[in-house]
>>> print(open('run_15.txt').read())   # compact mmCIF, C-alpha atoms
# COMPACT_ATOMS: atom_id res chain seq x y z
CA MET A 1 0.00 0.00 0.00
CA ASN A 2 3.00 2.27 0.35
CA GLU A 3 3.80 2.02 -3.38
CA ARG A 4 2.87 5.20 -5.24
CA ARG A 5 0.45 4.65 -8.12
CA GLY A 6 0.25 6.51 -11.37
CA ARG A 7 -3.49 7.10 -11.22
CA ILE A 8 -6.26 6.40 -8.72
CA TRP A 9 -9.93 7.26 -8.30
CA ALA A 10 -11.37 8.77 -5.11
CA GLY A 11 -15.09 8.41 -4.43
CA ILE A 12 -16.79 10.48 -1.74
CA ASP A 13 -20.16 9.62 -0.22
CA ALA A 14 -21.10 13.13 0.90
CA GLY A 15 -23.23 13.92 3.93
CA LYS A 16 -24.21 16.86 6.09
CA GLY A 17 -22.14 16.06 9.18
CA HIS A 18 -19.44 13.92 7.64
CA HIS A 19 -18.32 12.28 4.38
CA TRP A 20 -16.82 8.89 3.64
CA ALA A 21 -13.97 8.78 1.13
CA ALA A 22 -12.50 5.74 -0.60
CA ALA A 23 -9.68 5.48 -3.17
CA VAL A 24 -9.21 2.62 -5.65
CA ASP A 25 -6.48 1.82 -8.17
CA GLU A 26 -6.67 0.54 -11.76
CA THR A 27 -7.59 -2.97 -10.60
CA GLY A 28 -10.39 -1.80 -8.29
CA ALA A 29 -8.46 -2.56 -5.11
CA THR A 30 -9.21 -0.26 -2.18
CA LEU A 31 -6.16 1.79 -1.20
CA TRP A 32 -7.73 4.18 1.30
CA SER A 33 -11.11 4.36 3.04
CA LYS A 34 -11.94 6.65 5.95
CA LYS A 35 -14.66 8.77 7.52
CA VAL A 36 -14.04 12.48 6.96
CA ASP A 37 -15.80 15.17 9.01
CA ASN A 38 -17.32 18.05 7.07
CA ASP A 39 -14.65 20.41 8.38
CA GLU A 40 -12.03 22.30 6.40
CA SER A 41 -8.95 21.08 8.28
CA VAL A 42 -10.14 17.44 8.29
CA ILE A 43 -10.98 17.52 4.58
CA LEU A 44 -7.61 19.03 3.72
CA THR A 45 -5.84 16.35 5.76
CA ALA A 46 -7.75 13.60 3.94
CA MET A 47 -7.01 15.22 0.58
CA GLY A 48 -3.31 15.26 1.38
CA GLU A 49 -3.32 11.57 2.33
CA ILE A 50 -5.11 10.60 -0.89
CA LEU A 51 -2.89 12.80 -3.08
CA ASP A 52 0.18 11.11 -1.59
CA LEU A 53 -1.01 7.77 -2.97
CA ALA A 54 -0.70 8.60 -6.68
CA ASP A 55 0.54 11.07 -9.24
CA GLU A 56 -3.00 11.70 -10.54
CA VAL A 57 -6.26 11.51 -8.60
CA GLN A 58 -9.74 11.59 -10.17
CA TRP A 59 -12.36 12.79 -7.67
CA ALA A 60 -16.06 11.86 -7.71
CA VAL A 61 -18.93 13.01 -5.43
CA ASP A 62 -22.51 11.77 -5.26
CA ILE A 63 -24.12 15.03 -4.02
CA SER A 64 -23.86 18.45 -5.64
CA GLY A 65 -25.53 20.81 -3.21
CA THR A 66 -25.24 22.71 0.03
CA SER A 67 -24.21 19.72 2.16
CA SER A 68 -21.11 19.13 0.01
CA ALA A 69 -20.39 22.76 -0.96
CA LEU A 70 -17.21 22.97 1.12
CA LEU A 71 -15.69 19.89 -0.48
CA PRO A 72 -15.65 20.98 -4.17
CA ALA A 73 -14.67 24.50 -3.09
CA LEU A 74 -11.57 23.13 -1.33
CA LEU A 75 -10.78 20.91 -4.31
CA ALA A 76 -11.07 23.86 -6.70
CA ALA A 77 -8.92 26.02 -4.43
CA HIS A 78 -6.15 23.43 -4.78
CA GLY A 79 -6.48 22.98 -8.53
CA ARG A 80 -8.61 19.82 -8.43
CA GLN A 81 -12.00 19.05 -9.95
CA ALA A 82 -14.62 16.48 -9.02
CA VAL A 83 -17.22 14.81 -11.21
CA TYR A 84 -20.83 14.35 -10.15
CA VAL A 85 -22.04 10.74 -9.95
CA PRO A 86 -25.86 10.80 -9.51
CA GLY A 87 -27.35 8.90 -6.62
CA ARG A 88 -29.55 6.89 -9.02
CA THR A 89 -26.42 5.66 -10.79
CA VAL A 90 -24.76 4.74 -7.50
CA ASN A 91 -27.86 2.84 -6.41
CA ARG A 92 -27.96 0.79 -9.59
CA MET A 93 -24.23 0.19 -9.69
CA SER A 94 -24.32 -1.17 -6.13
CA GLY A 95 -26.15 -4.24 -7.41
CA ALA A 96 -23.23 -5.09 -9.68
CA TYR A 97 -20.89 -5.69 -6.73
CA ARG A 98 -20.82 -8.55 -4.28
CA GLY A 99 -22.88 -8.33 -1.10
CA GLU A 100 -26.09 -6.55 -0.13
CA ALA A 101 -24.75 -4.34 2.66
CA LYS A 102 -25.57 -0.63 2.59
CA THR A 103 -22.83 1.39 4.30
CA ASP A 104 -21.14 4.71 3.68
CA ALA A 105 -17.84 2.93 3.04
CA ARG A 106 -19.41 0.69 0.39
CA ASP A 107 -21.17 3.64 -1.27
CA ALA A 108 -17.88 5.54 -1.45
CA TYR A 109 -16.22 2.49 -3.01
CA VAL A 110 -19.01 2.17 -5.59
CA ILE A 111 -18.71 5.88 -6.45
CA ALA A 112 -14.96 5.51 -7.02
CA GLU A 113 -15.47 2.36 -9.10
CA THR A 114 -18.18 4.03 -11.18
CA ALA A 115 -15.93 7.01 -11.90
CA ARG A 116 -13.14 4.57 -12.85
CA ASN A 117 -15.31 2.73 -15.37
CA ARG A 118 -17.11 5.73 -16.86
CA ARG A 119 -15.68 8.92 -18.34
CA ASP A 120 -18.87 10.81 -19.22
CA PHE A 121 -19.83 12.34 -15.87
CA ALA A 122 -20.19 16.11 -15.65
CA THR A 123 -17.70 18.05 -13.58
CA ILE A 124 -18.83 20.01 -10.55
CA ASP A 125 -18.09 23.67 -11.06
CA VAL A 126 -17.81 25.97 -8.07
CA PRO A 127 -20.30 28.78 -8.90
CA ALA A 128 -19.14 32.36 -9.18
CA GLN A 129 -20.31 34.88 -6.61
CA LEU A 130 -23.22 36.10 -8.76
CA ALA A 131 -24.46 32.57 -9.49
CA ALA A 132 -24.14 31.62 -5.83
CA ASP A 133 -26.15 34.69 -4.79
CA LEU A 134 -28.89 33.90 -7.31
CA ALA A 135 -28.98 30.26 -6.21
CA LEU A 136 -29.55 31.23 -2.59
CA LEU A 137 -32.13 33.89 -3.44
CA THR A 138 -34.17 31.71 -5.80
CA ALA A 139 -34.09 28.75 -3.39
CA HIS A 140 -35.26 31.01 -0.55
CA ARG A 141 -38.04 32.40 -2.74
CA SER A 142 -39.21 28.88 -3.60
CA ASP A 143 -39.41 28.07 0.12
CA LEU A 144 -41.43 31.22 0.80
CA VAL A 145 -43.85 30.45 -2.04
CA ALA A 146 -44.32 26.91 -0.70
CA ASP A 147 -44.95 28.31 2.79
CA ARG A 148 -47.55 30.71 1.38
CA VAL A 149 -49.39 27.90 -0.41
CA ARG A 150 -49.52 25.87 2.79
CA MET A 151 -50.82 28.84 4.80
CA ILE A 152 -53.48 29.62 2.20
CA ASN A 153 -54.68 26.02 2.27
CA ARG A 154 -54.84 26.00 6.08
CA LEU A 155 -56.70 29.31 6.12
CA ARG A 156 -59.28 28.14 3.57
CA ASP A 157 -59.81 24.85 5.38
CA THR A 158 -60.31 26.54 8.75
CA LEU A 159 -62.57 29.24 7.31
CA THR A 160 -64.71 26.65 5.50
CA GLY A 161 -65.42 24.98 8.84
CA VAL A 162 -67.07 28.10 10.33
CA PHE A 163 -67.92 30.47 7.46
CA PRO A 164 -68.10 28.60 4.10
CA ALA A 165 -70.02 31.41 2.36
CA LEU A 166 -67.14 33.85 2.89
CA GLU A 167 -64.58 31.29 1.76
CA ARG A 168 -66.49 30.85 -1.50
CA ALA A 169 -66.93 34.59 -2.02
CA PHE A 170 -63.20 35.42 -2.14
CA ASP A 171 -60.05 33.95 -3.64
CA CYS A 172 -57.69 34.37 -0.70
CA SER A 173 -54.68 33.33 -2.76
CA SER A 174 -54.87 36.41 -5.01
CA GLN A 175 -57.15 38.99 -3.32
CA LYS A 176 -55.31 41.12 -0.79
CA GLY A 177 -58.56 42.79 0.27
CA ALA A 178 -59.94 39.45 1.47
CA LEU A 179 -56.85 38.83 3.60
CA VAL A 180 -57.04 42.31 5.12
CA LEU A 181 -60.74 41.71 5.90
CA LEU A 182 -59.91 38.43 7.66
CA THR A 183 -57.38 40.11 9.94
CA GLY A 184 -60.29 41.94 11.61
CA TYR A 185 -63.53 40.09 10.82
CA GLN A 186 -63.88 36.33 10.43
CA THR A 187 -67.47 35.47 11.53
CA PRO A 188 -70.88 36.32 10.02
CA ALA A 189 -72.11 38.02 13.21
CA ALA A 190 -69.08 40.30 13.42
CA ILE A 191 -69.49 41.43 9.81
CA ARG A 192 -73.22 42.06 10.23
CA ARG A 193 -72.65 44.12 13.39
CA ARG A 194 -70.05 46.26 11.62
CA GLY A 195 -72.33 47.13 8.69
CA ARG A 196 -71.39 48.03 5.15
CA ALA A 197 -70.53 51.71 5.65
CA ARG A 198 -68.25 51.23 8.62
CA LEU A 199 -66.67 48.10 7.10
CA THR A 200 -65.93 50.03 3.90
CA ALA A 201 -64.28 52.82 5.90
CA TRP A 202 -62.28 50.26 7.91
CA LEU A 203 -60.98 48.63 4.73
CA ALA A 204 -60.27 51.97 3.04
CA ASN A 205 -58.13 53.06 6.00
CA ARG A 206 -55.99 49.96 5.33
CA ASP A 207 -55.46 50.84 1.66
CA VAL A 208 -57.71 48.11 0.27
CA ARG A 209 -58.53 48.70 -3.37
CA GLY A 210 -62.27 48.52 -4.09
CA ALA A 211 -63.12 48.62 -0.38
CA ASP A 212 -66.84 49.10 -1.02
CA ALA A 213 -67.07 46.04 -3.28
CA VAL A 214 -65.18 43.90 -0.74
CA ALA A 215 -67.45 45.08 2.07
CA ALA A 216 -70.59 44.45 0.02
CA THR A 217 -69.47 40.90 -0.88
CA ALA A 218 -68.56 40.11 2.74
CA LEU A 219 -71.90 41.46 4.03
CA GLU A 220 -73.81 39.41 1.44
CA ALA A 221 -72.00 36.27 2.61
CA ALA A 222 -72.73 37.15 6.25
CA GLN A 223 -76.45 37.60 5.53
CA ALA A 224 -76.51 34.16 3.91
CA GLN A 225 -75.37 32.44 7.15
CA GLN A 226 -77.26 33.14 10.35
CA THR A 227 -76.03 30.08 12.27
CA ALA A 228 -72.94 30.17 14.47
CA LEU A 229 -71.00 26.91 14.09
CA PRO A 230 -69.12 25.14 16.92
CA GLY A 231 -65.54 26.31 17.45
CA GLU A 232 -66.23 29.65 15.77
CA ASP A 233 -64.27 31.81 18.22
CA VAL A 234 -61.15 29.64 18.16
CA ALA A 235 -61.30 29.30 14.37
CA ALA A 236 -61.67 33.09 14.04
CA ARG A 237 -58.44 33.66 15.96
CA ILE A 238 -56.62 31.06 13.87
CA VAL A 239 -57.87 32.60 10.61
CA ALA A 240 -56.87 36.10 11.74
CA GLY A 241 -53.36 34.90 12.64
CA LEU A 242 -52.93 33.11 9.31
CA ALA A 243 -54.13 36.18 7.38
CA VAL A 244 -51.58 38.38 9.18
CA GLN A 245 -48.80 35.87 8.43
CA ILE A 246 -49.75 35.64 4.74
CA LEU A 247 -49.74 39.42 4.34
CA ALA A 248 -46.33 39.60 6.01
CA LEU A 249 -45.11 36.81 3.73
CA ASP A 250 -46.34 38.73 0.68
CA ASP A 251 -44.23 41.71 1.77
CA ARG A 252 -41.20 39.43 2.14
CA LEU A 253 -41.79 38.01 -1.34
CA LYS A 254 -41.92 41.52 -2.81
CA ARG A 255 -38.61 42.40 -1.18
CA ILE A 256 -36.88 39.22 -2.32
CA ASP A 257 -38.27 39.62 -5.85
CA LYS A 258 -36.73 43.07 -5.96
CA GLN A 259 -33.42 41.70 -4.69
CA ILE A 260 -33.45 38.90 -7.29
CA ARG A 261 -34.24 41.39 -10.04
CA GLU A 262 -31.40 43.71 -9.06
CA THR A 263 -28.92 40.85 -8.66
CA PHE A 264 -29.90 39.17 -11.91
CA ARG A 265 -29.62 42.36 -13.95
CA SER A 266 -25.98 42.67 -12.92
CA HIS A 267 -25.34 39.49 -14.94
CA PRO A 268 -23.51 40.31 -18.20
CA GLN A 269 -26.10 38.47 -20.32
CA ALA A 270 -29.20 39.43 -18.37
CA GLU A 271 -30.47 41.71 -21.13
CA ILE A 272 -30.21 38.89 -23.67
CA ILE A 273 -32.08 36.42 -21.46
CA GLU A 274 -34.83 38.91 -20.61
CA SER A 275 -35.28 39.84 -24.27
CA LEU A 276 -36.80 36.41 -24.96
CA PRO A 277 -40.59 36.79 -24.63
CA GLY A 278 -41.89 35.22 -21.44
CA MET A 279 -38.51 35.24 -19.71
CA GLY A 280 -38.59 37.75 -16.84
CA PRO A 281 -35.98 38.39 -14.15
CA ILE A 282 -37.25 35.61 -11.83
CA LEU A 283 -37.21 32.90 -14.51
CA GLY A 284 -34.00 34.39 -15.88
CA ALA A 285 -32.33 34.04 -12.49
CA GLU A 286 -33.55 30.45 -12.21
CA PHE A 287 -32.17 29.74 -15.69
CA VAL A 288 -28.72 31.07 -14.74
CA VAL A 289 -28.73 28.86 -11.64
CA ALA A 290 -30.08 25.72 -13.34
CA ALA A 291 -28.06 25.94 -16.57
CA GLY A 292 -24.73 26.82 -14.98
CA ASP A 293 -21.83 27.30 -17.37
CA LEU A 294 -23.26 27.46 -20.91
CA THR A 295 -19.93 26.39 -22.42
CA ALA A 296 -20.76 22.89 -21.14
CA TYR A 297 -23.47 22.61 -23.82
CA ALA A 298 -21.90 21.91 -27.19
CA ASP A 299 -25.06 22.88 -29.05
CA ALA A 300 -28.71 23.74 -28.52
CA GLY A 301 -29.62 20.05 -28.50
CA HIS A 302 -27.48 19.45 -25.42
CA LEU A 303 -29.25 22.29 -23.59
CA ALA A 304 -32.67 20.96 -24.58
CA SER A 305 -31.64 17.44 -23.56
CA ALA A 306 -30.52 18.69 -20.13
CA ALA A 307 -33.98 20.23 -19.73
CA GLY A 308 -35.72 16.97 -20.66
CA LEU A 309 -37.21 18.40 -23.86
CA VAL A 310 -35.72 15.77 -26.19
CA PRO A 311 -37.45 12.37 -26.37
CA VAL A 312 -35.34 9.25 -25.94
CA PRO A 313 -35.77 6.06 -28.02
CA ARG A 314 -36.67 2.71 -26.49
CA ASP A 315 -36.21 0.38 -29.42
CA SER A 316 -35.88 -3.38 -29.30
CA GLY A 317 -35.64 -5.74 -32.25
CA ARG A 318 -38.09 -4.79 -34.95
CA ARG A 319 -39.79 -2.32 -32.63
CA THR A 320 -38.33 1.04 -33.68
CA GLY A 321 -39.34 4.66 -33.43
CA ASN A 322 -40.56 4.14 -29.87
CA LEU A 323 -39.89 7.52 -28.27
CA HIS A 324 -40.49 8.27 -24.60
CA ARG A 325 -40.11 11.15 -22.18
CA PRO A 326 -36.67 11.09 -20.51
CA LYS A 327 -36.35 10.32 -16.80
CA ARG A 328 -32.98 11.89 -16.04
CA TYR A 329 -32.91 15.62 -16.60
CA SER A 330 -32.87 18.91 -14.70
CA ARG A 331 -36.39 19.45 -13.36
CA ARG A 332 -35.56 23.04 -12.58
CA LEU A 333 -34.32 23.77 -16.09
CA ARG A 334 -37.40 22.13 -17.60
CA ARG A 335 -39.62 24.25 -15.37
CA VAL A 336 -37.90 27.43 -16.60
CA PHE A 337 -38.53 26.65 -20.26
CA SER A 338 -42.07 25.35 -19.66
CA MET A 339 -43.13 28.35 -17.55
CA SER A 340 -41.60 30.85 -19.96
CA ALA A 341 -43.30 29.11 -22.90
CA GLN A 342 -46.66 29.26 -21.10
CA THR A 343 -46.16 32.96 -20.39
CA SER A 344 -45.07 33.79 -23.94
CA ILE A 345 -48.30 32.54 -25.54
CA ILE A 346 -50.48 34.93 -23.51
CA ARG A 347 -49.81 37.78 -25.96
CA ASP A 348 -49.86 37.79 -29.73
CA GLY A 349 -46.55 37.05 -31.37
CA PRO A 350 -44.45 34.29 -32.93
CA ASN A 351 -44.68 32.08 -29.85
CA ARG A 352 -48.47 32.17 -29.77
CA ASP A 353 -48.63 31.63 -33.54
CA PHE A 354 -46.35 28.60 -33.29
CA CYS A 355 -48.39 27.09 -30.45
CA LEU A 356 -51.66 27.61 -32.35
CA LYS A 357 -50.07 26.04 -35.41
CA LYS A 358 -49.20 22.92 -33.42
CA ARG A 359 -52.70 22.79 -31.97
CA GLY A 360 -54.04 22.94 -35.53
CA GLU A 361 -51.83 19.98 -36.42
CA GLY A 362 -53.55 17.88 -33.77
CA CYS A 363 -51.27 18.38 -30.76
CA GLU A 364 -52.76 18.75 -27.32
CA HIS A 365 -51.99 21.85 -25.28
CA VAL A 366 -49.24 20.19 -23.24
CA GLN A 367 -47.59 18.75 -26.35
CA ALA A 368 -47.71 22.13 -28.07
CA VAL A 369 -46.12 23.86 -25.05
CA ILE A 370 -43.33 21.25 -24.86
CA THR A 371 -42.65 21.68 -28.57
CA LEU A 372 -42.54 25.45 -28.12
CA ALA A 373 -40.23 25.09 -25.12
CA ARG A 374 -37.87 22.93 -27.19
CA ARG A 375 -37.80 25.58 -29.91
CA ARG A 376 -37.18 28.36 -27.38
CA ALA A 377 -34.24 26.43 -25.92
CA SER A 378 -32.58 26.53 -29.34
CA VAL A 379 -33.34 30.23 -29.74
CA LEU A 380 -31.98 31.15 -26.31
CA TRP A 381 -28.83 29.10 -26.84
CA ALA A 382 -28.20 30.85 -30.17
CA LEU A 383 -28.81 34.30 -28.64
CA LEU A 384 -26.32 33.63 -25.86
CA ARG A 385 -23.81 32.20 -28.33
CA ASP A 386 -24.05 35.23 -30.62
CA ASN A 387 -24.37 37.66 -27.68
CA ARG A 388 -27.37 39.49 -29.14
CA VAL A 389 -30.90 40.24 -27.98
CA PHE A 390 -34.04 38.66 -29.38
CA THR A 391 -35.89 40.43 -32.18
CA PRO A 392 -39.08 39.24 -33.93
CA GLU A 393 -37.45 39.93 -37.30
CA LEU A 394 -34.83 37.59 -38.73
CA PRO A 395 -31.27 38.88 -38.39
CA ALA A 396 -29.50 40.06 -41.50
CA PRO A 397 -27.28 37.32 -43.01
CA GLN A 398 -23.56 37.87 -42.63
CA ALA A 399 -20.76 36.73 -44.88
CA ALA A 400 -18.88 33.69 -43.70
>>> encode(input="run_15.txt", output="structure tokens")
Amino acid sequence: MNERRGRIWAGIDAGKGHHWAAAVDETGATLWSKKVDNDESVILTAMGEILDLADEVQWAVDISGTSSALLPALLAAHGRQAVYVPGRTVNRMSGAYRGEAKTDARDAYVIAETARNRRDFATIDVPAQLAADLALLTAHRSDLVADRVRMINRLRDTLTGVFPALERAFDCSSQKGALVLLTGYQTPAAIRRRGRARLTAWLANRDVRGADAVAATALEAAQAQQTALPGEDVAARIVAGLAVQILALDDRLKRIDKQIRETFRSHPQAEIIESLPGMGPILGAEFVVAAGDLTAYADAGHLASAAGLVPVPRDSGRRTGNLHRPKRYSRRLRRVFSMSAQTSIIRDGPNRDFCLKKRGEGCEHVQAVITLARRRASVLWALLRDNRVFTPELPAPQAA
């Protein structure tokens, strides 16, 4: 084991509190296998021990995210790069080796062996400061949106149990006036006692647009229910608290949207990305985070394939032309292209015309949107390659 090798492969089963690293040689023999705490000094010590084993070390990690962020950053700081071996691949490759045990040490060995046998894994790039900022902001925004959906659902469920007429009268997910109303009045009796005139003035003092219409709708719902249901007082307090939290969450979302917009527009190609119809600053920021380094995509087809917009064949024998939706792709990148395609067909233009053309050819709405998203992936890749903004007119041809 003291003999220095020419080349070895190091696989790391990453975790939040600690990692497990294993190194194998050309024959698949284990040279080094240890538990490594997720700490800078411990990781550097382990790196030094592995680097002493061979002239060249190929690194492989099974997680590319926040839990393993320190590891690739330290590798990059010392001139090393790691490849990303997906967990699905590790799980399937485990069945090719002897034994059924599931341990961190065995997973690390399988990762190293997989990297030794395959050369087509993508490298893990340490994001630049701008990309890292956008990744944190967009992830935080997604969490806030999910929290808001959960609160809205809880509010509607609780309100339905004591005042179903009011729950039907308003869409609490999009009407701020309804949420402001629920911070003060949640029961039919309370709304009837307040009366339309005083309720309108109360809403107007809280900057509710169309206060009179909101008050009239609430009073109509209150007149329709004269019965007080069990648990009304407790439910009213719960509904009021949820309404206050949702309004506060909306303010937080506005602030973070502004921060994402300002951060994204400092990107050198932000103007190009935003010029594509349907691609605003939020989706543009998510595209920068999900796509990463665009030089990794040799052509537009590679970008579309990464987004899961290219069908894959499943042929066998005389059964050919059997195309299916791919299973391994970036869900986040696919969401960016799908959402931007949906947004682009709202207004008249080439995107809407193309979608209507596909519908006329017999495609369903989802198929037409996927086809449009695939086309937009090619357009966006070409715009970024040529470093020019989108224009509805064809660009003037240039001499070769």
>>> closest_residue(input="run_15.txt", among="A:Phe287, A:Trp20, A:Tyr109, A:Phe163", to="Asp233 of chain A", atoms="all atoms listed in the file")
A:Phe163
>>> residues_around(input="run_15.txt", residues="Ala22 of chain A", least_positions_apart="5", cutoff="7 Å", atoms="all atoms listed in the file", output="PyMOL selection string")
chain A and resi 10-12+32-34+108-109+112
>>> atom_distance(input="run_15.txt", atom1="atom CA of Arg331 of chain A", atom2="atom CA of Phe264 of chain A")
20.8 Å
>>> atom_distance(input="run_15.txt", atom1="atom CA of Ala23 of chain A", atom2="atom CA of Pro86 of chain A")
18.2 Å
>>> residues_around(input="run_15.txt", residues="Leu219 of chain A", least_positions_apart="4", cutoff="7 Å", atoms="only C-alpha atoms", output="list of chain:residue names")
A:Ile191, A:Arg192, A:Arg196, A:Ala215, A:Gln223
>>> decode(input="run_15.txt", residues="segment 291-332 of chain A", atoms="C-alpha atoms", output="compact mmCIF listing (two decimals), in the first residue's frame")
# COMPACT_ATOMS: atom_id res chain seq x y z
CA ALA A 291 -28.06 25.94 -16.57
CA GLY A 292 -24.73 26.82 -14.98
CA ASP A 293 -21.83 27.30 -17.37
CA LEU A 294 -23.26 27.46 -20.91
CA THR A 295 -19.93 26.39 -22.42
CA ALA A 296 -20.76 22.89 -21.14
CA TYR A 297 -23.47 22.61 -23.82
CA ALA A 298 -21.90 21.91 -27.19
CA ASP A 299 -25.06 22.88 -29.05
CA ALA A 300 -28.71 23.74 -28.52
CA GLY A 301 -29.62 20.05 -28.50
CA HIS A 302 -27.48 19.45 -25.42
CA LEU A 303 -29.25 22.29 -23.59
CA ALA A 304 -32.67 20.96 -24.58
CA SER A 305 -31.64 17.44 -23.56
CA ALA A 306 -30.52 18.69 -20.13
CA ALA A 307 -33.98 20.23 -19.73
CA GLY A 308 -35.72 16.97 -20.66
CA LEU A 309 -37.21 18.40 -23.86
CA VAL A 310 -35.72 15.77 -26.19
CA PRO A 311 -37.45 12.37 -26.37
CA VAL A 312 -35.34 9.25 -25.94
CA PRO A 313 -35.77 6.06 -28.02
CA ARG A 314 -36.67 2.71 -26.49
CA ASP A 315 -36.21 0.38 -29.42
CA SER A 316 -35.88 -3.38 -29.30
CA GLY A 317 -35.64 -5.74 -32.25
CA ARG A 318 -38.09 -4.79 -34.95
CA ARG A 319 -39.79 -2.32 -32.63
CA THR A 320 -38.33 1.04 -33.68
CA GLY A 321 -39.34 4.66 -33.43
CA ASN A 322 -40.56 4.14 -29.87
CA LEU A 323 -39.89 7.52 -28.27
CA HIS A 324 -40.49 8.27 -24.60
CA ARG A 325 -40.11 11.15 -22.18
CA PRO A 326 -36.67 11.09 -20.51
CA LYS A 327 -36.35 10.32 -16.80
CA ARG A 328 -32.98 11.89 -16.04
CA TYR A 329 -32.91 15.62 -16.60
CA SER A 330 -32.87 18.91 -14.70
CA ARG A 331 -36.39 19.45 -13.36
CA ARG A 332 -35.56 23.04 -12.58
